[in-house]
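Everything on this sheet refers to the single structure shown next.
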Amino acid sequence: MEHYLKLFEKSIIKQVELVGKEIAYDQAKKAGLGVSPEGRIVSCTGHPQLVLMRLIKFFTAGGNLLALVECTPLINELIKNFPVEEENSIENQVVEETP
């Protein structure tokens, strides 16, 4: 859990630089995080991976591409926890529909 809290704090700091403290803290709150005035995580409501996904959603809302770039550590953590098989390792199968 400590790993996630540090990751969240770093991401919130970056978001503060992009959109300002009030908006970034509000986005974090909507994602399930309590943030102190100094930027420390004081509470986490819900599973950390769900909070992670919510942060990505709220930080990148409205098509903010710079925020998406800054969310790279969050996205990498998400991918690390949900491994996806490579296309090459999956056999291409044709499924015929029956009329």
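Going by the structure tokens order, chains are called A, B, ..., each with residues numbered from 1, while ligands are numbered from 1 in the order shown.
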
- Task: Write out as a list in words each polymer residue whose atoms come within 7 Å of range 9-20 of chain A, counting only C-alpha atoms; drop sequence neighbours fewer than 5 positions from it.
- Result: Gly39, Arg40, Ile41, Ala67, Glu70 and Cys71 of chain A

Any chance you can output those residues with C-alpha atoms as an mmCIF file, in the first residue's frame?
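What landed in selection-v9.cif:
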```
data_model
loop_
_atom_site.group_PDB
_atom_site.id
_atom_site.type_symbol
_atom_site.label_atom_id
_atom_site.label_comp_id
_atom_site.auth_asym_id
_atom_site.auth_seq_id
_atom_site.Cartn_x
_atom_site.Cartn_y
_atom_site.Cartn_z
ATOM 1 C CA GLY A 39 0.070 17.295 -0.505
ATOM 2 C CA ARG A 40 0.400 14.172 1.642
ATOM 3 C CA ILE A 41 -2.099 11.340 1.241
ATOM 4 C CA ALA A 67 -1.825 15.296 -18.038
ATOM 5 C CA GLU A 70 2.288 12.949 -16.640
ATOM 6 C CA CYS A 71 0.099 9.917 -15.823
#
```

- Item | Contact residues around Lys30 in chain A with only C-alpha atoms at 9 Å, ignoring same-chain residues under 3 positions, as a PyMOL selection string | chain A and resi 25-27+33+54-55+58

- Query: How would you write, as a VMD selection string, the set of residues in range 3-95 of chain A that DSSP gives as helix (DSSP H, G or I)?
  - Reply: chain A and resid 3 to 19 21 to 31 48 to 59 65 to 70 72 to 81 87 to 89

- Atom pair CA of Pro48 in chain A / CA of Val69 in chain A: separation (Å):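 For CA of Pro48 in chain A relative to CA of Val69 in chain A, the distance reads 20.7 Å.
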
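Across the structure, CA of Leu68 in chain A and CA of Met53 in chain A are spaced 12.4 Å apart.
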
- State, in Å with one decimal place, the distance from CA of Ile23 in chain A to CA of His3 in chain A.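 Separation between CA of Ile23 in chain A and CA of His3 in chain A: 23.8 Å.
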